[in-house]
>>> print(open('coords01.pdb').read())   # PDB, C-alpha atoms, pLDDT in the B column
MODEL        1
ATOM      1  CA  MET A   1     145.892 135.947  10.587  1.00 62.00           C
ATOM      2  CA  ALA A   2     142.928 137.291  12.527  1.00 75.00           C
ATOM      3  CA  LEU A   3     145.231 138.534  15.247  1.00 79.00           C
ATOM      4  CA  SER A   4     147.466 140.226  12.721  1.00 82.00           C
ATOM      5  CA  ILE A   5     144.431 142.217  11.577  1.00 87.00           C
ATOM      6  CA  ALA A   6     143.513 142.886  15.216  1.00 88.00           C
ATOM      7  CA  HIS A   7     147.049 144.207  15.772  1.00 90.00           C
ATOM      8  CA  ARG A   8     146.599 146.640  12.882  1.00 91.00           C
ATOM      9  CA  ALA A   9     143.082 147.638  13.902  1.00 92.00           C
ATOM     10  CA  THR A  10     144.088 148.323  17.497  1.00 92.00           C
ATOM     11  CA  GLY A  11     147.145 150.191  16.222  1.00 92.00           C
ATOM     12  CA  ILE A  12     144.981 152.503  14.119  1.00 93.00           C
ATOM     13  CA  GLY A  13     142.527 152.979  16.994  1.00 93.00           C
ATOM     14  CA  LEU A  14     145.405 153.799  19.329  1.00 93.00           C
ATOM     15  CA  SER A  15     146.668 156.422  16.887  1.00 94.00           C
ATOM     16  CA  VAL A  16     143.344 158.212  17.354  1.00 94.00           C
ATOM     17  CA  GLY A  17     143.780 157.726  21.108  1.00 93.00           C
ATOM     18  CA  ALA A  18     147.237 159.311  20.928  1.00 94.00           C
ATOM     19  CA  LEU A  19     145.684 162.369  19.263  1.00 94.00           C
ATOM     20  CA  VAL A  20     143.078 162.550  22.053  1.00 94.00           C
ATOM     21  CA  MET A  21     145.926 162.389  24.586  1.00 93.00           C
ATOM     22  CA  THR A  22     147.526 165.285  22.695  1.00 95.00           C
ATOM     23  CA  GLY A  23     144.274 167.228  23.028  1.00 94.00           C
ATOM     24  CA  TRP A  24     144.143 166.487  26.735  1.00 93.00           C
ATOM     25  CA  LEU A  25     147.715 167.712  27.274  1.00 93.00           C
ATOM     26  CA  LEU A  26     147.103 170.821  25.174  1.00 94.00           C
ATOM     27  CA  ALA A  27     143.960 171.615  27.163  1.00 93.00           C
ATOM     28  CA  ALA A  28     145.848 171.113  30.420  1.00 92.00           C
ATOM     29  CA  ALA A  29     148.533 173.519  29.207  1.00 92.00           C
ATOM     30  CA  THR A  30     146.023 176.106  27.956  1.00 90.00           C
ATOM     31  CA  SER A  31     143.535 177.134  30.629  1.00 89.00           C
ATOM     32  CA  ASP A  32     141.341 175.947  33.494  1.00 89.00           C
ATOM     33  CA  VAL A  33     138.207 176.199  31.354  1.00 91.00           C
ATOM     34  CA  ALA A  34     139.710 174.156  28.512  1.00 92.00           C
ATOM     35  CA  PHE A  35     140.896 171.506  30.961  1.00 91.00           C
ATOM     36  CA  ALA A  36     137.521 171.328  32.738  1.00 90.00           C
ATOM     37  CA  THR A  37     135.802 170.932  29.360  1.00 91.00           C
ATOM     38  CA  ILE A  38     137.989 168.079  28.165  1.00 91.00           C
ATOM     39  CA  GLN A  39     137.790 166.384  31.578  1.00 89.00           C
ATOM     40  CA  ALA A  40     133.987 166.592  31.385  1.00 89.00           C
ATOM     41  CA  LEU A  41     134.004 165.215  27.840  1.00 91.00           C
ATOM     42  CA  LEU A  42     136.304 162.333  28.756  1.00 89.00           C
ATOM     43  CA  GLY A  43     134.302 161.730  31.938  1.00 86.00           C
ATOM     44  CA  SER A  44     131.000 161.468  30.062  1.00 89.00           C
ATOM     45  CA  PRO A  45     129.594 157.954  29.491  1.00 90.00           C
ATOM     46  CA  LEU A  46     130.833 157.996  25.886  1.00 92.00           C
ATOM     47  CA  GLY A  47     134.245 159.245  27.004  1.00 90.00           C
ATOM     48  CA  ILE A  48     134.548 156.520  29.614  1.00 89.00           C
ATOM     49  CA  LEU A  49     133.531 153.915  27.035  1.00 91.00           C
ATOM     50  CA  LEU A  50     136.192 155.213  24.629  1.00 92.00           C
ATOM     51  CA  ILE A  51     138.858 155.237  27.330  1.00 90.00           C
ATOM     52  CA  PHE A  52     137.885 151.677  28.269  1.00 89.00           C
ATOM     53  CA  GLU A  53     138.203 150.590  24.642  1.00 90.00           C
ATOM     54  CA  TRP A  54     141.508 152.372  24.204  1.00 91.00           C
ATOM     55  CA  THR A  55     142.873 150.698  27.317  1.00 90.00           C
ATOM     56  CA  ALA A  56     141.719 147.297  26.072  1.00 90.00           C
ATOM     57  CA  ALA A  57     143.178 148.001  22.620  1.00 91.00           C
ATOM     58  CA  LEU A  58     146.427 149.201  24.207  1.00 90.00           C
ATOM     59  CA  ILE A  59     146.822 146.021  26.250  1.00 90.00           C
ATOM     60  CA  LEU A  60     145.949 143.719  23.335  1.00 90.00           C
ATOM     61  CA  HIS A  61     148.302 145.638  21.028  1.00 91.00           C
ATOM     62  CA  LEU A  62     151.027 145.399  23.680  1.00 90.00           C
ATOM     63  CA  CYS A  63     150.604 141.625  24.099  1.00 88.00           C
ATOM     64  CA  LEU A  64     150.514 141.027  20.344  1.00 87.00           C
ATOM     65  CA  GLY A  65     153.539 143.281  19.980  1.00 88.00           C
ATOM     66  CA  ILE A  66     155.458 141.133  22.475  1.00 86.00           C
ATOM     67  CA  ARG A  67     154.396 138.106  20.418  1.00 83.00           C
ATOM     68  CA  HIS A  68     155.940 139.740  17.363  1.00 84.00           C
ATOM     69  CA  LEU A  69     159.098 140.461  19.365  1.00 83.00           C
ATOM     70  CA  VAL A  70     159.339 136.792  20.335  1.00 79.00           C
ATOM     71  CA  TRP A  71     158.933 135.811  16.695  1.00 76.00           C
ATOM     72  CA  ASP A  72     161.667 138.258  15.765  1.00 76.00           C
ATOM     73  CA  THR A  73     164.092 136.382  18.002  1.00 74.00           C
ATOM     74  CA  GLY A  74     163.588 133.491  15.569  1.00 68.00           C
ATOM     75  CA  ARG A  75     162.085 131.067  18.041  1.00 63.00           C
ATOM     76  CA  SER A  76     159.320 129.918  15.739  1.00 58.00           C
ATOM     77  CA  TYR A  77     161.588 129.657  12.713  1.00 55.00           C
ATOM     78  CA  GLY A  78     164.209 127.249  14.001  1.00 47.00           C
ATOM     79  CA  PRO A  79     165.532 124.267  12.013  1.00 47.00           C
ATOM     80  CA  LEU A  80     162.699 122.067  13.335  1.00 47.00           C
ATOM     81  CA  ALA A  81     160.038 124.480  12.128  1.00 49.00           C
ATOM     82  CA  VAL A  82     161.587 124.693   8.684  1.00 48.00           C
ATOM     83  CA  GLN A  83     161.757 120.933   8.208  1.00 48.00           C
ATOM     84  CA  GLU A  84     158.162 120.248   9.173  1.00 51.00           C
ATOM     85  CA  PRO A  85     155.126 121.032   7.026  1.00 52.00           C
ATOM     86  CA  VAL A  86     153.813 124.531   7.651  1.00 54.00           C
ATOM     87  CA  HIS A  87     150.303 123.656   8.775  1.00 57.00           C
ATOM     88  CA  HIS A  88     151.013 121.012  11.398  1.00 59.00           C
ATOM     89  CA  GLY A  89     154.622 121.609  12.319  1.00 62.00           C
ATOM     90  CA  THR A  90     156.253 123.276  15.271  1.00 64.00           C
ATOM     91  CA  ALA A  91     155.842 126.653  13.611  1.00 62.00           C
ATOM     92  CA  ALA A  92     152.079 126.225  13.347  1.00 64.00           C
ATOM     93  CA  ARG A  93     151.854 125.052  16.954  1.00 67.00           C
ATOM     94  CA  ILE A  94     153.883 127.983  18.256  1.00 67.00           C
ATOM     95  CA  TYR A  95     151.761 130.302  16.122  1.00 67.00           C
ATOM     96  CA  LYS A  96     148.518 128.957  17.576  1.00 69.00           C
ATOM     97  CA  TYR A  97     149.736 128.712  21.170  1.00 74.00           C
ATOM     98  CA  SER A  98     151.273 132.158  21.119  1.00 75.00           C
ATOM     99  CA  ALA A  99     147.956 133.542  19.895  1.00 76.00           C
ATOM    100  CA  TRP A 100     146.022 132.050  22.795  1.00 80.00           C
ATOM    101  CA  ILE A 101     148.725 132.982  25.301  1.00 81.00           C
ATOM    102  CA  ALA A 102     148.667 136.586  24.067  1.00 80.00           C
ATOM    103  CA  ILE A 103     144.858 136.766  24.244  1.00 83.00           C
ATOM    104  CA  GLY A 104     144.810 135.159  27.702  1.00 84.00           C
ATOM    105  CA  ILE A 105     147.418 137.498  29.152  1.00 84.00           C
ATOM    106  CA  ALA A 106     145.669 140.493  27.568  1.00 83.00           C
ATOM    107  CA  ALA A 107     142.301 139.476  29.057  1.00 84.00           C
ATOM    108  CA  MET A 108     143.781 138.973  32.530  1.00 84.00           C
ATOM    109  CA  ALA A 109     145.679 142.261  32.367  1.00 83.00           C
ATOM    110  CA  MET A 110     142.531 144.077  31.286  1.00 83.00           C
ATOM    111  CA  ALA A 111     140.563 142.578  34.181  1.00 83.00           C
ATOM    112  CA  VAL A 112     143.221 143.743  36.637  1.00 83.00           C
ATOM    113  CA  VAL A 113     143.450 147.243  35.136  1.00 82.00           C
ATOM    114  CA  ALA A 114     139.665 147.617  35.024  1.00 82.00           C
ATOM    115  CA  SER A 115     139.318 146.577  38.676  1.00 80.00           C
ATOM    116  CA  ILE A 116     142.005 148.986  39.811  1.00 81.00           C
ATOM    117  CA  ALA A 117     140.495 151.783  37.724  1.00 79.00           C
ATOM    118  CA  ILE A 118     137.001 151.184  39.110  1.00 79.00           C
ATOM    119  CA  ALA A 119     138.340 151.066  42.658  1.00 78.00           C
ATOM    120  CA  ALA A 120     140.242 154.348  42.119  1.00 74.00           C
ATOM    121  CA  TRP A 121     137.164 155.924  40.589  1.00 74.00           C
ATOM    122  CA  ARG A 122     134.992 154.947  43.549  1.00 74.00           C
ATOM    123  CA  ARG A 123     137.558 156.266  45.984  1.00 71.00           C
ATOM    124  CA  GLN A 124     137.861 159.661  44.304  1.00 65.00           C
ATOM    125  CA  ARG A 125     134.219 160.176  43.453  1.00 61.00           C
ATOM    126  CA  PRO A 126     133.263 162.331  46.479  1.00 55.00           C
ATOM    127  CA  THR A 127     136.082 164.824  45.888  1.00 54.00           C
ATOM    128  CA  ARG A 128     135.161 165.088  42.249  1.00 53.00           C
ATOM    129  CA  MET A 129     131.530 165.766  43.035  1.00 52.00           C
ATOM    130  CA  ALA A 130     132.676 168.601  45.303  1.00 51.00           C
ATOM    131  CA  ALA A 131     134.844 170.177  42.629  1.00 53.00           C
ATOM    132  CA  LYS A 132     132.615 172.730  40.953  1.00 48.00           C
ATOM    133  CA  SER A 133     133.252 173.940  37.440  1.00 49.00           C
ATOM    134  CA  GLY A 134     131.330 175.836  34.801  1.00 49.00           C
ATOM    135  CA  VAL A 135     130.741 172.623  32.896  1.00 49.00           C
ATOM    136  CA  PRO A 136     127.774 170.288  33.476  1.00 49.00           C
ATOM    137  CA  ASN A 137     128.580 167.325  35.711  1.00 49.00           C
ATOM    138  CA  TRP A 138     128.099 164.318  33.466  1.00 49.00           C
ATOM    139  CA  HIS A 139     128.438 161.872  36.321  1.00 49.00           C
ATOM    140  CA  ALA A 140     125.528 163.402  38.155  1.00 49.00           C
ATOM    141  CA  LEU A 141     123.482 163.462  34.957  1.00 46.00           C
ATOM    142  CA  ALA A 142     124.319 159.843  34.203  1.00 47.00           C
ATOM    143  CA  GLY A 143     122.606 158.775  37.421  1.00 44.00           C
ATOM    144  CA  GLN A 144     123.712 156.920  40.488  1.00 41.00           C
ATOM    145  CA  GLY A 145     122.766 153.368  39.470  1.00 41.00           C
ATOM    146  CA  ARG A 146     125.937 152.619  37.530  1.00 41.00           C
ATOM    147  CA  ARG A 147     128.169 152.877  40.578  1.00 42.00           C
ATOM    148  CA  THR A 148     126.519 150.057  42.448  1.00 38.00           C
ATOM    149  CA  ALA A 149     126.250 147.988  39.283  1.00 38.00           C
ATOM    150  CA  ALA A 150     129.973 148.211  38.535  1.00 40.00           C
ATOM    151  CA  LEU A 151     131.161 146.675  41.781  1.00 38.00           C
ATOM    152  CA  PRO A 152     128.654 144.758  43.912  1.00 39.00           C
ATOM    153  CA  SER A 153     128.484 145.059  47.707  1.00 38.00           C
ATOM    154  CA  GLY A 154     130.957 147.199  49.551  1.00 38.00           C
ATOM    155  CA  GLY A 155     134.141 149.002  48.632  1.00 39.00           C
ATOM    156  CA  ARG A 156     137.662 147.712  48.270  1.00 43.00           C
ATOM    157  CA  SER A 157     137.088 144.701  50.510  1.00 41.00           C
ATOM    158  CA  ALA A 158     134.944 143.079  47.818  1.00 42.00           C
ATOM    159  CA  LEU A 159     137.532 143.585  45.105  1.00 44.00           C
ATOM    160  CA  PRO A 160     139.319 140.205  45.324  1.00 44.00           C
ATOM    161  CA  LEU A 161     135.947 138.448  45.414  1.00 39.00           C
ATOM    162  CA  TRP A 162     134.774 140.410  42.414  1.00 41.00           C
ATOM    163  CA  LEU A 163     137.998 139.592  40.573  1.00 42.00           C
ATOM    164  CA  TRP A 164     137.624 135.927  41.385  1.00 42.00           C
ATOM    165  CA  CYS A 165     134.020 135.855  40.163  1.00 40.00           C
ATOM    166  CA  ARG A 166     135.098 137.247  36.822  1.00 33.00           C
TER     167      ARG A 166
ATOM    168  CA  MET B   1     160.595 147.857  23.192  1.00 69.00           C
ATOM    169  CA  ALA B   2     160.926 150.696  25.675  1.00 79.00           C
ATOM    170  CA  LEU B   3     157.232 151.267  25.075  1.00 87.00           C
ATOM    171  CA  VAL B   4     156.265 148.162  27.057  1.00 88.00           C
ATOM    172  CA  PRO B   5     157.267 149.495  30.519  1.00 91.00           C
ATOM    173  CA  LEU B   6     156.417 153.077  29.549  1.00 92.00           C
ATOM    174  CA  THR B   7     152.897 152.100  28.496  1.00 89.00           C
ATOM    175  CA  LEU B   8     152.248 150.105  31.668  1.00 90.00           C
ATOM    176  CA  TRP B   9     153.514 153.054  33.740  1.00 92.00           C
ATOM    177  CA  PHE B  10     151.284 155.423  31.754  1.00 91.00           C
ATOM    178  CA  ILE B  11     148.153 153.329  32.411  1.00 88.00           C
ATOM    179  CA  ALA B  12     148.939 153.367  36.136  1.00 88.00           C
ATOM    180  CA  ALA B  13     149.584 157.127  36.032  1.00 89.00           C
ATOM    181  CA  VAL B  14     146.296 157.828  34.246  1.00 85.00           C
ATOM    182  CA  ILE B  15     144.394 155.778  36.823  1.00 85.00           C
ATOM    183  CA  ARG B  16     146.123 157.673  39.626  1.00 84.00           C
ATOM    184  CA  LEU B  17     145.379 161.035  37.997  1.00 84.00           C
ATOM    185  CA  GLU B  18     141.754 160.165  37.366  1.00 78.00           C
ATOM    186  CA  GLY B  19     139.440 163.017  38.325  1.00 74.00           C
ATOM    187  CA  THR B  20     142.262 165.405  39.135  1.00 79.00           C
ATOM    188  CA  THR B  21     142.440 169.152  38.623  1.00 84.00           C
ATOM    189  CA  ARG B  22     144.763 171.075  36.364  1.00 87.00           C
ATOM    190  CA  ALA B  23     146.913 171.988  39.350  1.00 87.00           C
ATOM    191  CA  GLY B  24     147.123 168.276  40.177  1.00 88.00           C
ATOM    192  CA  VAL B  25     148.470 167.490  36.722  1.00 89.00           C
ATOM    193  CA  SER B  26     150.993 170.295  37.087  1.00 90.00           C
ATOM    194  CA  VAL B  27     152.172 168.989  40.462  1.00 90.00           C
ATOM    195  CA  TRP B  28     152.492 165.503  38.999  1.00 91.00           C
ATOM    196  CA  LEU B  29     154.583 166.783  36.081  1.00 91.00           C
ATOM    197  CA  HIS B  30     156.832 168.820  38.370  1.00 91.00           C
ATOM    198  CA  ALA B  31     158.332 165.556  39.558  1.00 91.00           C
ATOM    199  CA  PRO B  32     161.425 164.993  37.372  1.00 91.00           C
ATOM    200  CA  LEU B  33     160.664 161.291  36.949  1.00 93.00           C
ATOM    201  CA  SER B  34     157.114 161.898  35.687  1.00 93.00           C
ATOM    202  CA  MET B  35     158.364 164.512  33.242  1.00 94.00           C
ATOM    203  CA  LEU B  36     161.187 162.324  31.974  1.00 94.00           C
ATOM    204  CA  LEU B  37     158.942 159.294  31.517  1.00 94.00           C
ATOM    205  CA  MET B  38     156.161 161.341  29.895  1.00 94.00           C
ATOM    206  CA  LEU B  39     158.592 162.896  27.398  1.00 95.00           C
ATOM    207  CA  SER B  40     160.046 159.470  26.608  1.00 95.00           C
ATOM    208  CA  LEU B  41     156.554 158.041  26.237  1.00 95.00           C
ATOM    209  CA  VAL B  42     155.434 160.793  23.856  1.00 95.00           C
ATOM    210  CA  ILE B  43     158.533 160.534  21.668  1.00 95.00           C
ATOM    211  CA  ALA B  44     158.485 156.716  21.566  1.00 95.00           C
ATOM    212  CA  THR B  45     154.717 156.557  21.009  1.00 95.00           C
ATOM    213  CA  PHE B  46     154.604 158.978  18.104  1.00 95.00           C
ATOM    214  CA  GLY B  47     157.685 157.407  16.521  1.00 95.00           C
ATOM    215  CA  HIS B  48     156.061 153.977  16.795  1.00 94.00           C
ATOM    216  CA  MET B  49     152.762 155.380  15.508  1.00 95.00           C
ATOM    217  CA  ALA B  50     154.452 156.937  12.465  1.00 95.00           C
ATOM    218  CA  LEU B  51     156.212 153.667  11.587  1.00 94.00           C
ATOM    219  CA  GLY B  52     153.075 151.559  12.058  1.00 93.00           C
ATOM    220  CA  LEU B  53     150.789 153.835  10.077  1.00 94.00           C
ATOM    221  CA  THR B  54     153.413 154.036   7.326  1.00 94.00           C
ATOM    222  CA  VAL B  55     153.274 150.249   6.921  1.00 93.00           C
ATOM    223  CA  VAL B  56     149.463 150.275   6.915  1.00 92.00           C
ATOM    224  CA  ILE B  57     149.278 153.048   4.304  1.00 93.00           C
ATOM    225  CA  GLU B  58     151.892 151.378   2.105  1.00 91.00           C
ATOM    226  CA  ASP B  59     149.909 148.142   2.216  1.00 90.00           C
ATOM    227  CA  TYR B  60     146.482 149.546   1.444  1.00 89.00           C
ATOM    228  CA  ALA B  61     146.983 152.655  -0.709  1.00 86.00           C
ATOM    229  CA  ARG B  62     145.435 152.046  -4.137  1.00 87.00           C
ATOM    230  CA  SER B  63     147.867 154.208  -6.104  1.00 89.00           C
ATOM    231  CA  ASP B  64     151.255 155.814  -5.543  1.00 89.00           C
ATOM    232  CA  ALA B  65     149.753 159.304  -5.567  1.00 91.00           C
ATOM    233  CA  THR B  66     147.219 158.646  -2.783  1.00 91.00           C
ATOM    234  CA  GLY B  67     149.865 156.743  -0.878  1.00 92.00           C
ATOM    235  CA  ILE B  68     152.322 159.621  -0.978  1.00 93.00           C
ATOM    236  CA  ILE B  69     149.664 162.169  -0.011  1.00 94.00           C
ATOM    237  CA  LEU B  70     148.422 160.011   2.871  1.00 94.00           C
ATOM    238  CA  LEU B  71     152.003 159.439   4.043  1.00 95.00           C
ATOM    239  CA  LEU B  72     152.714 163.162   3.994  1.00 95.00           C
ATOM    240  CA  VAL B  73     149.526 163.907   5.956  1.00 95.00           C
ATOM    241  CA  GLN B  74     150.241 161.110   8.412  1.00 95.00           C
ATOM    242  CA  ARG B  75     153.893 162.086   8.965  1.00 95.00           C
ATOM    243  CA  SER B  76     153.096 165.742   9.508  1.00 96.00           C
ATOM    244  CA  THR B  77     150.210 164.915  11.853  1.00 96.00           C
ATOM    245  CA  CYS B  78     152.472 162.693  13.950  1.00 96.00           C
ATOM    246  CA  LEU B  79     155.194 165.325  14.034  1.00 96.00           C
ATOM    247  CA  VAL B  80     152.877 168.218  14.928  1.00 96.00           C
ATOM    248  CA  ALA B  81     151.063 166.164  17.586  1.00 96.00           C
ATOM    249  CA  ALA B  82     154.359 165.080  19.132  1.00 96.00           C
ATOM    250  CA  ILE B  83     155.621 168.678  19.245  1.00 96.00           C
ATOM    251  CA  ALA B  84     152.294 169.834  20.726  1.00 96.00           C
ATOM    252  CA  CYS B  85     152.564 167.160  23.436  1.00 96.00           C
ATOM    253  CA  ILE B  86     156.162 168.081  24.275  1.00 96.00           C
ATOM    254  CA  LEU B  87     155.396 171.816  24.438  1.00 95.00           C
ATOM    255  CA  SER B  88     152.343 171.186  26.640  1.00 94.00           C
ATOM    256  CA  LEU B  89     154.374 168.987  28.968  1.00 94.00           C
ATOM    257  CA  LEU B  90     157.139 171.572  29.263  1.00 94.00           C
ATOM    258  CA  ARG B  91     154.648 174.373  29.864  1.00 92.00           C
ATOM    259  CA  LEU B  92     152.862 172.368  32.556  1.00 91.00           C
ATOM    260  CA  GLY B  93     155.895 170.991  34.318  1.00 87.00           C
ATOM    261  CA  LEU B  94     158.539 173.703  34.134  1.00 82.00           C
TER     262      LEU B  94
ENDMDL
END
>>> encode(input="coords01.pdb", output="structure tokens")
Amino acid sequence: MALSIAHRATGIGLSVGALVMTGWLLAAATSDVAFATIQALLGSPLGILLIFEWTAALILHLCLGIRHLVWDTGRSYGPLAVQEPVHHGTAARIYKYSAWIAIGIAAMAMAVVASIAIAAWRRQRPTRMAAKSGVPNWHALAGQGRRTAALPSGGRSALPLWLWCR
Amino acid sequence: MALVPLTLWFIAAVIRLEGTTRAGVSVWLHAPLSMLLMLSLVIATFGHMALGLTVVIEDYARSDATGIILLLVQRSTCLVAAIACILSLLRLGL
């Protein structure tokens, strides 16, 4: 029940995300200034937060969607499930387990994606700082502290450790 | 169902493109595979989005009139956004 609502909520949020992706593509196809502007907007702290949320929503929506696909194959509505009472039968068990499995896989996938994204961001940061545009550099304005806070001690070598500590 | 691999590929692509320039995006889209997958992704995503939002609107619209208006707005938004995406992709990558 709750996850069904989450599926809808993430779906609606992702629709907004799809429109933002449209804006990004349009800006890229329009001009250098337009592209620099939208890159700066999406690279601002609020933009990064939104992208993080959209990624999380995308992964949760994807996992819940696969859960729906599995249901559509009829696995939770077999003869056993029909014979037993709804609330403590096989159907209810599959419903509950599939919920936790979907949430677990989504959480793990998000941790992996976030680590890779942070690692890529750290790697590309110097080149981005060098790229000058007419738009204020939000990363510089946001301060340097966040970088060290995101991934403690060292570069890519600490990534497995960081993952494990999560 | 095609959206599952396409979405995972898109997340990876966005991470790889992070912090790139406009020329970088253009180079990326000049690869036939990127262009093909991006076009498939856009078409599948907006189709999926239109279907999903249709169900949501049908479930929650208070009256038929608001429902029909919302559906019309939603359908046309999806269609226009999808066309805008496709045109942008073609302009960037061709």
>>> closest_residue(input="coords01.pdb", among="B:Arg75, B:Arg91, B:Arg62, B:His48", to="chain A", atoms="only C-alpha atoms")
B:Arg91
>>> closest_atom_pairs(input="coords01.pdb", of="chain A", to="chain B", cutoff="8 Å", atoms="all atoms listed in the file", output="tab-separated table")
residue	atom	partner	partner_atom	distance
A:Arg8	CA	B:Val56	CA	7.6
A:Gly11	CA	B:Gly52	CA	7.4
A:Ile12	CA	B:Leu53	CA	7.2
A:Ser15	CA	B:Met49	CA	6.3
A:Ala18	CA	B:Phe46	CA	7.9
A:Leu19	CA	B:Ala81	CA	6.8
A:Thr22	CA	B:Cys85	CA	5.4
A:Leu25	CA	B:Ser88	CA	5.8
A:Leu26	CA	B:Ser88	CA	5.5
A:Ala28	CA	B:Arg22	CA	6.0
A:Ala29	CA	B:Ser88	CA	5.2
A:Asp32	CA	B:Arg22	CA	6.6
A:Phe35	CA	B:Arg22	CA	6.7
A:Ala36	CA	B:Thr21	CA	8.0
A:Gln39	CA	B:Gly19	CA	7.7
A:Thr55	CA	B:Ile11	CA	7.8
A:Leu62	CA	B:Val4	CA	6.8
A:Ile116	CA	B:Ile15	CA	7.8
A:Ala117	CA	B:Ile15	CA	5.7
A:Ala120	CA	B:Ile15	CA	6.9
A:Trp121	CA	B:Glu18	CA	7.0
A:Gln124	CA	B:Gly19	CA	7.0
A:Arg125	CA	B:Gly19	CA	7.9
A:Arg128	CA	B:Gly19	CA	6.2
>>> write_last_selection(input="coords01.pdb", atoms="C-alpha atoms", output="short mmCIF file (atom, residue, chain, number, x, y, z; two decimals), in the coordinates of the input")
data_model
loop_
_atom_site.label_atom_id
_atom_site.label_comp_id
_atom_site.auth_asym_id
_atom_site.auth_seq_id
_atom_site.Cartn_x
_atom_site.Cartn_y
_atom_site.Cartn_z
CA ARG A 8 146.60 146.64 12.88
CA GLY A 11 147.15 150.19 16.22
CA ILE A 12 144.98 152.50 14.12
CA SER A 15 146.67 156.42 16.89
CA ALA A 18 147.24 159.31 20.93
CA LEU A 19 145.68 162.37 19.26
CA THR A 22 147.53 165.28 22.70
CA LEU A 25 147.72 167.71 27.27
CA LEU A 26 147.10 170.82 25.17
CA ALA A 28 145.85 171.11 30.42
CA ALA A 29 148.53 173.52 29.21
CA ASP A 32 141.34 175.95 33.49
CA PHE A 35 140.90 171.51 30.96
CA ALA A 36 137.52 171.33 32.74
CA GLN A 39 137.79 166.38 31.58
CA THR A 55 142.87 150.70 27.32
CA LEU A 62 151.03 145.40 23.68
CA ILE A 116 142.00 148.99 39.81
CA ALA A 117 140.50 151.78 37.72
CA ALA A 120 140.24 154.35 42.12
CA TRP A 121 137.16 155.92 40.59
CA GLN A 124 137.86 159.66 44.30
CA ARG A 125 134.22 160.18 43.45
CA ARG A 128 135.16 165.09 42.25
#
>>> atom_distance(input="coords01.pdb", atom1="atom CA of Ala27 of chain A", atom2="atom CA of Leu42 of chain A")
12.1 Å
>>> residues_around(input="coords01.pdb", residues="Ser40 of chain B", least_positions_apart="4", cutoff="9 Å", atoms="all atoms listed in the file", output="list in words")
Ala2, Leu3, Leu6, Met35, Leu36, Ala44 and Thr45 of chain B
>>> closest_residue(input="coords01.pdb", among="A:Thr37, A:Thr10, A:Thr73, A:Ser31", to="Ile59 of chain A", atoms="only C-alpha atoms")
A:Thr10
>>> residues_near_point(input="coords01.pdb", point="(136.2, 166.2, 23.7)", cutoff="9 Å", atoms="only C-alpha atoms", output="list in words")
Val20, Gly23, Trp24, Thr37, Ile38, Gln39, Ala40, Leu41, Leu42 and Gly47 of chain A
>>> atom_distance(input="coords01.pdb", atom1="atom CA of Ala31 of chain B", atom2="atom CA of Ile48 of chain A")
27.3 Å
